[in-house]
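Please read the structure below before turning to the comments.
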Amino acid sequence: MRPGTLQLSALPPLSLYVHLPWCLKKCPYCDFNSHERSSGELPERRYVDALLADLDAALPLIWGRSIHSIFIGGGTPSLFSPQAIDRLIGELRARLRLAPDCEITLEANPGTFEKDRFRAFRAAGVNRLSVGVQSFNDEHLHSLGRVHDSAQAIAAVLEAAEAFETFNLDLMYALPGQTPQQLEEDLAQALALAPPHLSVYHLTIEPNTYFAKFPPRIPEDDVAYAMLDRITQATAEAGLERYEVSAYAKAGHRCWHNLNYWQFGDYLGIGAGAHGKLSFAHRVVRQVRYREPRLYMENALAGRAVAQEQEVPRSELPFEFMLNALRLKAGFELRQFSERTGLPLTAIEKPLQQAQDKGLIERDLQRVWPSERGLDFLSDLQGLFLPD
Ligand SMILES: C[S@@+](CC[C@H](N)C(=O)[O-])C[C@H]1O[C@@H](n2cnc3c(N)ncnc32)[C@H](O)[C@@H]1O
Ligand code: SF4
């Protein structure tokens, strides 16, 4: 490999992301790389073959490194049969050195839930389930285009709690027509199910979605802020600590995989449209796979799944690091900045001082973390680290 301009003293921990791109139906707010399943069977076998060919071609980039977490995301991975997931995990284990306590998460949608399916995923080696509930209000579920109702969501979460030692529940707030009282009800129902981990996202209207074309009426910003305050308060009372902008967890149940992203760790991303970030002694590289599932399968099976690959320029590394690290309540260790970007601390001294003067961060000799105000105005804070 060509020499690069950075000096990384050590490589960060490595995770694996696996993207499964199909859903029963496309939700009107969703801009993830997800595709409505057309009639007929999913091409499970061919897709898993493509994932493995993709991984085989990428192995030389991660030679000798162990994998600390795997996240099987989508799309709706729970549309895949437990047999296909079992084969996938078995083949991953055959090719990779997994850490003994490797976290293996699978995203599941209550609309694909049937009795014993979750247990079968557990038996296949998945040890953490992430259930996409979004809301427990049938009207809101309908306006979000979800294929499940509240009763199915509750049944799915109860089954997840029985089958898995740890699980996550995804909720969204500031939904079309949602009142503060309705948010209280969603929260109360979610917390009654005692999830060890909860992710709560502010519904955003993403470009190129149905909602961008036909915008629904959503709560005003000040109402949404008040909703977030209630979420933070009610989750804390239930023993869930907010450790990242949108993530709340009981002690010992933080998501290792997402923490690794936020700490600017490495991840290999395989599957349609998957993104990856890999570090080497003198450079940090980003990769993107072909996005369209059929095109991806064709190319991956021919040993060329990567559609784009580029080295992150030195000047962009501080912003890329901060985009992740400042989402965490605990922020980052200064030492970690240098270790993960290969840059000296002087590269961020000026914007750090500006952020401190504006009251957006706090710091001591070892760490920097966002203040409460910094978390509320996160994009302003992150923006200070953009290259000149
Ligand atoms: C990749 S999705 C996959 C989960 C699964 N397919 C599902 O929808 O149940 C992960 C999570 O992102 C959140 N999400 C997706 N689109 C969003 C949007 N426009 N605004 C806020 N959160 C969003 C949802 O909570 C969703 O569960
Ligand atoms: S089920 Fe999840 S991934 Fe699929 S379209 Fe809906 S939000 Fe997007």
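In the structure tokens, chains take letters A, B, ... by order of appearance, with residues numbered from 1 within each chain and ligands from 1 in the order shown.
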Discussion item. Show me, as an MDAnalysis selection string, the residues that have an atom within 7 Å of A:Phe164 when counting only C-alpha atoms, minus same-chain residues fewer than 6 positions from it.
Written reply: chainID A and resid 122 127:128
Discussion item. Can you work out which residues are within 8 Å of ligand 2, considering only C-alpha atoms and all ligand atoms, and then hand them over as a list in words?
Written reply: Pro21, Trp22, Cys23, Leu24, Lys25, Lys26, Cys27, Pro28, Tyr29, Cys30, Asp31, Phe32, Asn33, Ser34, His35, Glu36, Gly74, Gly75, Thr76, Asn109, Gly132, Gly145 and Arg146 of chain A
Worksheet item: Per DSSP on the backbone, what are the strand (DSSP E or B) residues of stretch 135-260 of chain A, as a count of residues only?
Response: 20
Item to complete: Would you mind telling me which residue in A:Tyr243, A:Tyr261, A:Phe80, A:Tyr47 lies nearest to A:Arg117 when using only C-alpha atoms?
Response: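 That would be A:Phe80, the residue with the smallest distance to A:Arg117.
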Fill in: Counting only C-alpha atoms and all ligand atoms, the option among A:Pro176, A:Gly90, A:Gly239, A:Gly374 closest to ligand 1
A:Pro176
List the neighbours of stretch 184-188 of chain A out to 12 Å using only C-alpha atoms; skip same-chain residues closer than 3 positions along the sequence, and give me the result as a tab-separated table (two decimals) with all heavy atoms, in the first residue's frame.
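Printed below is selection-v2.tsv as written:
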```
chain	number	residue	atom	x	y	z
A	133	VAL	N	-40.33	-0.72	17.04
A	133	VAL	CA	-41.74	-0.54	17.43
A	133	VAL	C	-42.29	0.78	16.89
A	133	VAL	O	-43.38	0.84	16.35
A	133	VAL	CB	-41.85	-0.59	18.98
A	133	VAL	CG1	-43.23	-0.12	19.43
A	133	VAL	CG2	-41.58	-2.00	19.49
A	134	GLN	N	-41.56	1.85	17.07
A	134	GLN	CA	-41.87	3.24	16.65
A	134	GLN	C	-42.95	3.89	17.50
A	134	GLN	O	-42.81	5.01	17.94
A	134	GLN	CB	-42.25	3.32	15.15
A	134	GLN	CG	-41.44	2.44	14.19
A	134	GLN	CD	-39.93	2.52	14.37
A	134	GLN	OE1	-39.43	3.38	15.06
A	134	GLN	NE2	-39.21	1.58	13.77
A	135	SER	N	-44.09	3.22	17.70
A	135	SER	CA	-45.15	3.78	18.55
A	135	SER	C	-46.06	2.64	18.96
A	135	SER	O	-46.07	1.58	18.33
A	135	SER	CB	-45.94	4.82	17.74
A	135	SER	OG	-47.11	5.19	18.45
A	136	PHE	N	-46.82	2.86	20.06
A	136	PHE	CA	-47.82	1.86	20.46
A	136	PHE	C	-49.23	2.36	20.15
A	136	PHE	O	-50.20	1.77	20.59
A	136	PHE	CB	-47.69	1.55	21.96
A	136	PHE	CG	-46.43	0.81	22.30
A	136	PHE	CD1	-45.32	1.47	22.81
A	136	PHE	CD2	-46.35	-0.58	22.10
A	136	PHE	CE1	-44.15	0.79	23.12
A	136	PHE	CE2	-45.18	-1.26	22.41
A	136	PHE	CZ	-44.08	-0.59	22.93
A	137	ASN	N	-49.31	3.45	19.41
A	137	ASN	CA	-50.62	4.04	19.11
A	137	ASN	C	-51.02	3.61	17.68
A	137	ASN	O	-50.32	3.93	16.71
A	137	ASN	CB	-50.48	5.57	19.23
A	137	ASN	CG	-51.74	6.30	18.85
A	137	ASN	OD1	-52.30	6.07	17.79
A	137	ASN	ND2	-52.18	7.18	19.72
A	138	ASP	N	-52.16	2.91	17.58
A	138	ASP	CA	-52.52	2.34	16.28
A	138	ASP	C	-52.69	3.39	15.18
A	138	ASP	O	-52.31	3.17	14.03
A	138	ASP	CB	-53.80	1.49	16.40
A	138	ASP	CG	-53.49	0.14	17.04
A	138	ASP	OD1	-52.30	-0.28	16.99
A	138	ASP	OD2	-54.40	-0.50	17.59
A	140	HIS	N	-51.14	6.30	14.97
A	140	HIS	CA	-49.81	6.77	14.54
A	140	HIS	C	-49.08	5.70	13.74
A	140	HIS	O	-48.43	6.00	12.74
A	140	HIS	CB	-48.98	7.22	15.75
A	140	HIS	CG	-49.52	8.46	16.39
A	140	HIS	ND1	-49.42	8.71	17.73
A	140	HIS	CD2	-50.18	9.50	15.85
A	140	HIS	CE1	-50.01	9.86	18.00
A	140	HIS	NE2	-50.48	10.36	16.88
A	141	LEU	N	-49.23	4.46	14.16
A	141	LEU	CA	-48.59	3.37	13.39
A	141	LEU	C	-49.12	3.38	11.97
A	141	LEU	O	-48.36	3.21	11.01
A	141	LEU	CB	-48.85	2.01	14.07
A	141	LEU	CG	-48.05	1.80	15.36
A	141	LEU	CD1	-48.54	0.55	16.09
A	141	LEU	CD2	-46.55	1.67	15.05
A	150	SER	N	-50.37	-2.10	17.54
A	150	SER	CA	-49.81	-2.02	18.88
A	150	SER	C	-49.75	-3.40	19.55
A	150	SER	O	-48.76	-3.74	20.21
A	150	SER	CB	-50.68	-1.05	19.68
A	150	SER	OG	-50.32	-1.09	21.00
A	153	ALA	N	-46.89	-5.27	18.39
A	153	ALA	CA	-45.63	-4.72	18.91
A	153	ALA	C	-45.40	-5.24	20.33
A	153	ALA	O	-44.28	-5.67	20.66
A	153	ALA	CB	-45.69	-3.19	18.90
A	154	ILE	N	-46.44	-5.22	21.15
A	154	ILE	CA	-46.28	-5.68	22.54
A	154	ILE	C	-45.91	-7.17	22.56
A	154	ILE	O	-44.99	-7.59	23.27
A	154	ILE	CB	-47.57	-5.41	23.35
A	154	ILE	CG1	-47.77	-3.89	23.49
A	154	ILE	CG2	-47.53	-6.09	24.72
A	154	ILE	CD1	-49.10	-3.48	24.10
A	169	LEU	N	-35.47	-1.52	22.04
A	169	LEU	CA	-36.75	-1.16	21.44
A	169	LEU	C	-36.55	0.23	20.80
A	169	LEU	O	-36.01	1.13	21.44
A	169	LEU	CB	-37.68	-1.10	22.63
A	169	LEU	CG	-39.17	-1.15	22.59
A	169	LEU	CD1	-39.65	-1.64	23.93
A	169	LEU	CD2	-39.69	0.19	22.30
A	170	ASP	N	-36.93	0.37	19.52
A	170	ASP	CA	-36.86	1.68	18.83
A	170	ASP	C	-38.20	2.38	18.91
A	170	ASP	O	-39.23	1.77	18.56
A	170	ASP	CB	-36.61	1.47	17.32
A	170	ASP	CG	-35.15	1.29	16.96
A	170	ASP	OD1	-34.28	1.53	17.80
A	170	ASP	OD2	-34.90	0.90	15.80
A	171	LEU	N	-38.18	3.62	19.33
A	171	LEU	CA	-39.39	4.46	19.30
A	171	LEU	C	-39.06	5.71	18.51
A	171	LEU	O	-37.91	6.12	18.44
A	171	LEU	CB	-39.77	4.93	20.70
A	171	LEU	CG	-40.53	4.04	21.66
A	171	LEU	CD1	-40.91	4.89	22.88
A	171	LEU	CD2	-41.77	3.44	21.04
A	172	MET	N	-40.10	6.35	17.95
A	172	MET	CA	-39.91	7.68	17.37
A	172	MET	C	-40.90	8.63	18.05
A	172	MET	O	-41.95	8.19	18.53
A	172	MET	CB	-40.17	7.67	15.87
A	172	MET	CG	-39.14	6.83	15.10
A	172	MET	SD	-39.18	7.11	13.32
A	172	MET	CE	-40.78	6.49	12.90
A	173	TYR	N	-40.55	9.93	18.09
A	173	TYR	CA	-41.49	10.90	18.67
A	173	TYR	C	-41.59	12.11	17.75
A	173	TYR	O	-40.88	12.19	16.74
A	173	TYR	CB	-41.05	11.31	20.09
A	173	TYR	CG	-39.82	12.21	20.13
A	173	TYR	CD1	-39.95	13.59	20.28
A	173	TYR	CD2	-38.56	11.67	20.00
A	173	TYR	CE1	-38.83	14.41	20.32
A	173	TYR	CE2	-37.44	12.49	20.03
A	173	TYR	CZ	-37.58	13.85	20.19
A	173	TYR	OH	-36.47	14.65	20.21
A	174	ALA	N	-42.50	13.03	18.12
A	174	ALA	CA	-42.87	14.16	17.25
A	174	ALA	C	-43.47	13.61	15.95
A	174	ALA	O	-43.11	13.99	14.84
A	174	ALA	CB	-41.68	15.08	16.98
A	175	LEU	N	-44.41	12.68	16.14
A	175	LEU	CA	-45.06	12.01	15.01
A	175	LEU	C	-46.20	12.87	14.47
A	175	LEU	O	-46.71	13.75	15.18
A	175	LEU	CB	-45.63	10.67	15.50
A	175	LEU	CG	-44.63	9.75	16.20
A	175	LEU	CD1	-45.33	8.49	16.73
A	175	LEU	CD2	-43.51	9.37	15.22
A	178	GLN	N	-49.13	13.95	16.77
A	178	GLN	CA	-48.92	13.45	18.14
A	178	GLN	C	-49.03	14.59	19.18
A	178	GLN	O	-48.41	15.64	19.01
A	178	GLN	CB	-47.53	12.80	18.25
A	178	GLN	CG	-47.33	12.03	19.55
A	178	GLN	CD	-45.95	11.36	19.62
A	178	GLN	OE1	-44.96	11.94	19.16
A	178	GLN	NE2	-45.90	10.17	20.18
A	179	THR	N	-49.79	14.33	20.23
A	179	THR	CA	-49.90	15.30	21.32
A	179	THR	C	-48.95	14.88	22.45
A	179	THR	O	-48.56	13.71	22.53
A	179	THR	CB	-51.33	15.33	21.90
A	179	THR	OG1	-51.59	14.03	22.47
A	179	THR	CG2	-52.36	15.65	20.84
A	180	PRO	N	-48.60	15.83	23.35
A	180	PRO	CA	-47.75	15.46	24.49
A	180	PRO	C	-48.36	14.31	25.30
A	180	PRO	O	-47.65	13.42	25.76
A	180	PRO	CB	-47.67	16.75	25.30
A	180	PRO	CG	-47.81	17.84	24.28
A	180	PRO	CD	-48.81	17.30	23.29
A	181	GLN	N	-49.69	14.30	25.45
A	181	GLN	CA	-50.35	13.22	26.19
A	181	GLN	C	-50.14	11.87	25.49
A	181	GLN	O	-49.89	10.85	26.14
A	181	GLN	CB	-51.85	13.56	26.33
A	181	GLN	CG	-52.68	12.49	27.03
A	181	GLN	CD	-52.12	12.14	28.43
A	181	GLN	OE1	-51.55	13.00	29.11
A	181	GLN	NE2	-52.25	10.87	28.83
A	191	LEU	N	-41.95	1.72	28.70
A	191	LEU	CA	-41.23	1.49	29.95
A	191	LEU	C	-41.85	0.34	30.74
A	191	LEU	O	-41.15	-0.38	31.46
A	191	LEU	CB	-41.16	2.77	30.78
A	191	LEU	CG	-40.34	3.89	30.11
A	191	LEU	CD1	-40.44	5.20	30.88
A	191	LEU	CD2	-38.87	3.48	29.95
A	192	ALA	N	-43.16	0.14	30.58
A	192	ALA	CA	-43.82	-0.99	31.27
A	192	ALA	C	-43.24	-2.32	30.78
A	192	ALA	O	-43.29	-3.33	31.49
A	192	ALA	CB	-45.32	-0.94	31.03
A	193	LEU	N	-42.69	-2.32	29.58
A	193	LEU	CA	-42.13	-3.57	29.04
A	193	LEU	C	-40.68	-3.77	29.50
A	193	LEU	O	-40.04	-4.76	29.15
A	193	LEU	CB	-42.20	-3.56	27.51
A	193	LEU	CG	-43.64	-3.60	26.95
A	193	LEU	CD1	-43.66	-3.23	25.47
A	193	LEU	CD2	-44.26	-4.97	27.15
A	194	ALA	N	-40.17	-2.80	30.28
A	194	ALA	CA	-38.84	-2.88	30.90
A	194	ALA	C	-37.71	-3.25	29.93
A	194	ALA	O	-36.94	-4.19	30.17
A	194	ALA	CB	-38.86	-3.88	32.06
A	195	PRO	N	-37.58	-2.50	28.82
A	195	PRO	CA	-36.46	-2.82	27.91
A	195	PRO	C	-35.13	-2.44	28.55
A	195	PRO	O	-35.03	-1.38	29.16
A	195	PRO	CB	-36.74	-1.92	26.69
A	195	PRO	CG	-37.51	-0.76	27.24
A	195	PRO	CD	-38.34	-1.31	28.38
A	198	LEU	N	-33.21	1.41	25.13
A	198	LEU	CA	-34.27	2.09	24.39
A	198	LEU	C	-33.62	3.12	23.47
A	198	LEU	O	-32.74	3.87	23.91
A	198	LEU	CB	-35.18	2.78	25.42
A	198	LEU	CG	-36.44	3.49	24.96
A	198	LEU	CD1	-37.43	2.50	24.36
A	198	LEU	CD2	-37.10	4.19	26.17
A	199	SER	N	-34.02	3.14	22.20
A	199	SER	CA	-33.56	4.20	21.29
A	199	SER	C	-34.77	5.04	20.94
A	199	SER	O	-35.80	4.48	20.54
A	199	SER	CB	-32.98	3.61	20.01
A	199	SER	OG	-31.94	2.72	20.31
A	200	VAL	N	-34.66	6.35	21.12
A	200	VAL	CA	-35.81	7.22	20.82
A	200	VAL	C	-35.36	8.29	19.84
A	200	VAL	O	-34.51	9.12	20.17
A	200	VAL	CB	-36.36	7.88	22.11
A	200	VAL	CG1	-37.71	8.53	21.80
A	200	VAL	CG2	-36.52	6.87	23.23
A	226	ALA	N	-39.97	19.93	24.28
A	226	ALA	CA	-40.60	19.56	25.56
A	226	ALA	C	-40.78	18.04	25.62
A	226	ALA	O	-40.63	17.42	26.67
A	226	ALA	CB	-41.94	20.27	25.70
A	227	MET	N	-41.09	17.43	24.47
A	227	MET	CA	-41.24	15.96	24.43
A	227	MET	C	-39.92	15.28	24.80
A	227	MET	O	-39.88	14.34	25.58
A	227	MET	CB	-41.70	15.50	23.04
A	227	MET	CG	-43.15	15.83	22.74
A	227	MET	SD	-43.58	15.29	21.06
A	227	MET	CE	-45.37	15.36	21.13
A	228	LEU	N	-38.83	15.82	24.24
A	228	LEU	CA	-37.51	15.22	24.54
A	228	LEU	C	-37.19	15.34	26.02
A	228	LEU	O	-36.65	14.40	26.63
A	228	LEU	CB	-36.43	15.89	23.68
A	228	LEU	CG	-35.01	15.36	23.90
A	228	LEU	CD1	-34.93	13.86	23.64
A	228	LEU	CD2	-34.01	16.09	23.00
A	229	ASP	N	-37.53	16.48	26.62
A	229	ASP	CA	-37.30	16.63	28.07
A	229	ASP	C	-38.05	15.56	28.85
A	229	ASP	O	-37.52	14.98	29.79
A	229	ASP	CB	-37.77	18.02	28.54
A	229	ASP	CG	-36.77	19.09	28.16
A	229	ASP	OD1	-35.62	18.73	27.80
A	229	ASP	OD2	-37.14	20.29	28.19
A	230	ARG	N	-39.28	15.30	28.45
A	230	ARG	CA	-40.08	14.27	29.15
A	230	ARG	C	-39.47	12.88	28.95
A	230	ARG	O	-39.45	12.05	29.86
A	230	ARG	CB	-41.52	14.27	28.61
A	230	ARG	CG	-42.44	15.18	29.34
A	230	ARG	CD	-42.51	14.83	30.84
A	230	ARG	NE	-43.08	13.51	31.09
A	230	ARG	CZ	-42.76	12.71	32.11
A	230	ARG	NH1	-41.84	13.07	32.98
A	230	ARG	NH2	-43.36	11.54	32.26
A	231	ILE	N	-38.96	12.65	27.75
A	231	ILE	CA	-38.36	11.33	27.46
A	231	ILE	C	-37.14	11.13	28.37
A	231	ILE	O	-36.98	10.08	29.00
A	231	ILE	CB	-37.96	11.25	25.96
A	231	ILE	CG1	-39.21	11.24	25.08
A	231	ILE	CG2	-37.10	10.01	25.70
A	231	ILE	CD1	-38.95	11.53	23.62
A	232	THR	N	-36.30	12.18	28.46
A	232	THR	CA	-35.09	12.07	29.27
A	232	THR	C	-35.46	11.84	30.74
A	232	THR	O	-34.85	11.01	31.43
A	232	THR	CB	-34.24	13.35	29.12
A	232	THR	OG1	-34.14	13.62	27.72
A	232	THR	CG2	-32.86	13.17	29.67
A	233	GLN	N	-36.48	12.56	31.20
A	233	GLN	CA	-36.90	12.46	32.60
A	233	GLN	C	-37.50	11.07	32.91
A	233	GLN	O	-37.08	10.39	33.85
A	233	GLN	CB	-37.94	13.54	32.84
A	233	GLN	CG	-38.28	13.81	34.27
A	233	GLN	CD	-39.40	14.87	34.36
A	233	GLN	OE1	-40.04	15.21	33.35
A	233	GLN	NE2	-39.62	15.37	35.55
A	234	ALA	N	-38.44	10.64	32.07
A	234	ALA	CA	-39.15	9.38	32.35
A	234	ALA	C	-38.21	8.17	32.24
A	234	ALA	O	-38.29	7.23	33.03
A	234	ALA	CB	-40.33	9.22	31.39
A	235	THR	N	-37.28	8.22	31.27
A	235	THR	CA	-36.35	7.11	31.13
A	235	THR	C	-35.42	7.04	32.34
A	235	THR	O	-35.13	5.96	32.86
A	235	THR	CB	-35.52	7.23	29.83
A	235	THR	OG1	-35.04	8.57	29.73
A	235	THR	CG2	-36.33	6.88	28.60
A	236	ALA	N	-34.97	8.22	32.81
A	236	ALA	CA	-34.08	8.26	33.98
A	236	ALA	C	-34.80	7.66	35.19
A	236	ALA	O	-34.21	6.87	35.95
A	236	ALA	CB	-33.62	9.68	34.26
A	237	GLU	N	-36.06	8.02	35.36
A	237	GLU	CA	-36.83	7.48	36.50
A	237	GLU	C	-36.96	5.96	36.41
A	237	GLU	O	-37.08	5.28	37.42
A	237	GLU	CB	-38.22	8.12	36.56
A	237	GLU	CG	-38.19	9.53	37.12
A	237	GLU	CD	-39.46	10.34	36.80
A	237	GLU	OE1	-40.47	9.73	36.38
A	237	GLU	OE2	-39.40	11.56	36.95
A	238	ALA	N	-36.92	5.45	35.19
A	238	ALA	CA	-37.05	4.00	35.00
A	238	ALA	C	-35.69	3.30	35.05
A	238	ALA	O	-35.58	2.10	34.75
A	238	ALA	CB	-37.75	3.71	33.67
```
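With only C-alpha atoms as the atoms that count, the residue of A:Pro351, A:Gly383, A:Pro344, A:Gly303 with the shortest distance to A:Glu320 is A:Gly383.
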Item to complete: Compare A:Val223, A:Ala99, A:Ile205, A:Ala151 by their minimum atom-to-atom distance to ligand 1, counting only C-alpha atoms and all ligand atoms, and give me the closest one.
Response: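 Selected residue with least distance to ligand 1: A:Ile205.
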Discussion item. Quick one: residues within 8 Å of A:Ile104, only C-alpha atoms, excluding same-chain residues fewer than 5 positions away - as a list in words?
Written reply: Ser69, Ile70, Phe71, Ile72, Gly125, Val126, Asn127 and Arg128 of chain A
Would you mind exporting N, CA and C atoms of the selected residues as a PDB file, in the first residue's frame?
```
ATOM      1  N   SER A  69     -18.112  -6.938  17.505  1.00  0.00           N
ATOM      2  CA  SER A  69     -19.573  -6.945  17.416  1.00  0.00           C
ATOM      3  C   SER A  69     -19.975  -7.110  15.965  1.00  0.00           C
ATOM      4  N   ILE A  70     -21.181  -7.694  15.810  1.00  0.00           N
ATOM      5  CA  ILE A  70     -21.780  -7.819  14.476  1.00  0.00           C
ATOM      6  C   ILE A  70     -23.174  -7.231  14.578  1.00  0.00           C
ATOM      7  N   PHE A  71     -23.550  -6.422  13.591  1.00  0.00           N
ATOM      8  CA  PHE A  71     -24.896  -5.851  13.587  1.00  0.00           C
ATOM      9  C   PHE A  71     -25.533  -6.211  12.258  1.00  0.00           C
ATOM     10  N   ILE A  72     -26.635  -6.986  12.317  1.00  0.00           N
ATOM     11  CA  ILE A  72     -27.332  -7.369  11.089  1.00  0.00           C
ATOM     12  C   ILE A  72     -28.532  -6.430  10.989  1.00  0.00           C
ATOM     13  N   GLY A 125     -27.515 -17.899  16.955  1.00  0.00           N
ATOM     14  CA  GLY A 125     -26.317 -17.203  17.448  1.00  0.00           C
ATOM     15  C   GLY A 125     -26.511 -15.719  17.680  1.00  0.00           C
ATOM     16  N   VAL A 126     -27.692 -15.186  17.323  1.00  0.00           N
ATOM     17  CA  VAL A 126     -27.964 -13.773  17.613  1.00  0.00           C
ATOM     18  C   VAL A 126     -28.096 -13.649  19.130  1.00  0.00           C
ATOM     19  N   ASN A 127     -27.417 -12.646  19.750  1.00  0.00           N
ATOM     20  CA  ASN A 127     -27.570 -12.530  21.210  1.00  0.00           C
ATOM     21  C   ASN A 127     -28.160 -11.199  21.653  1.00  0.00           C
ATOM     22  N   ARG A 128     -28.576 -10.372  20.680  1.00  0.00           N
ATOM     23  CA  ARG A 128     -29.242  -9.104  21.023  1.00  0.00           C
ATOM     24  C   ARG A 128     -30.235  -8.795  19.915  1.00  0.00           C
TER      25      ARG A 128
END
```
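Residue nearest A:Pro12 within the list A:Ala347, A:Ile67, A:Leu381, A:Met297: A:Ile67 [criterion: smallest interatomic distance, only C-alpha atoms].
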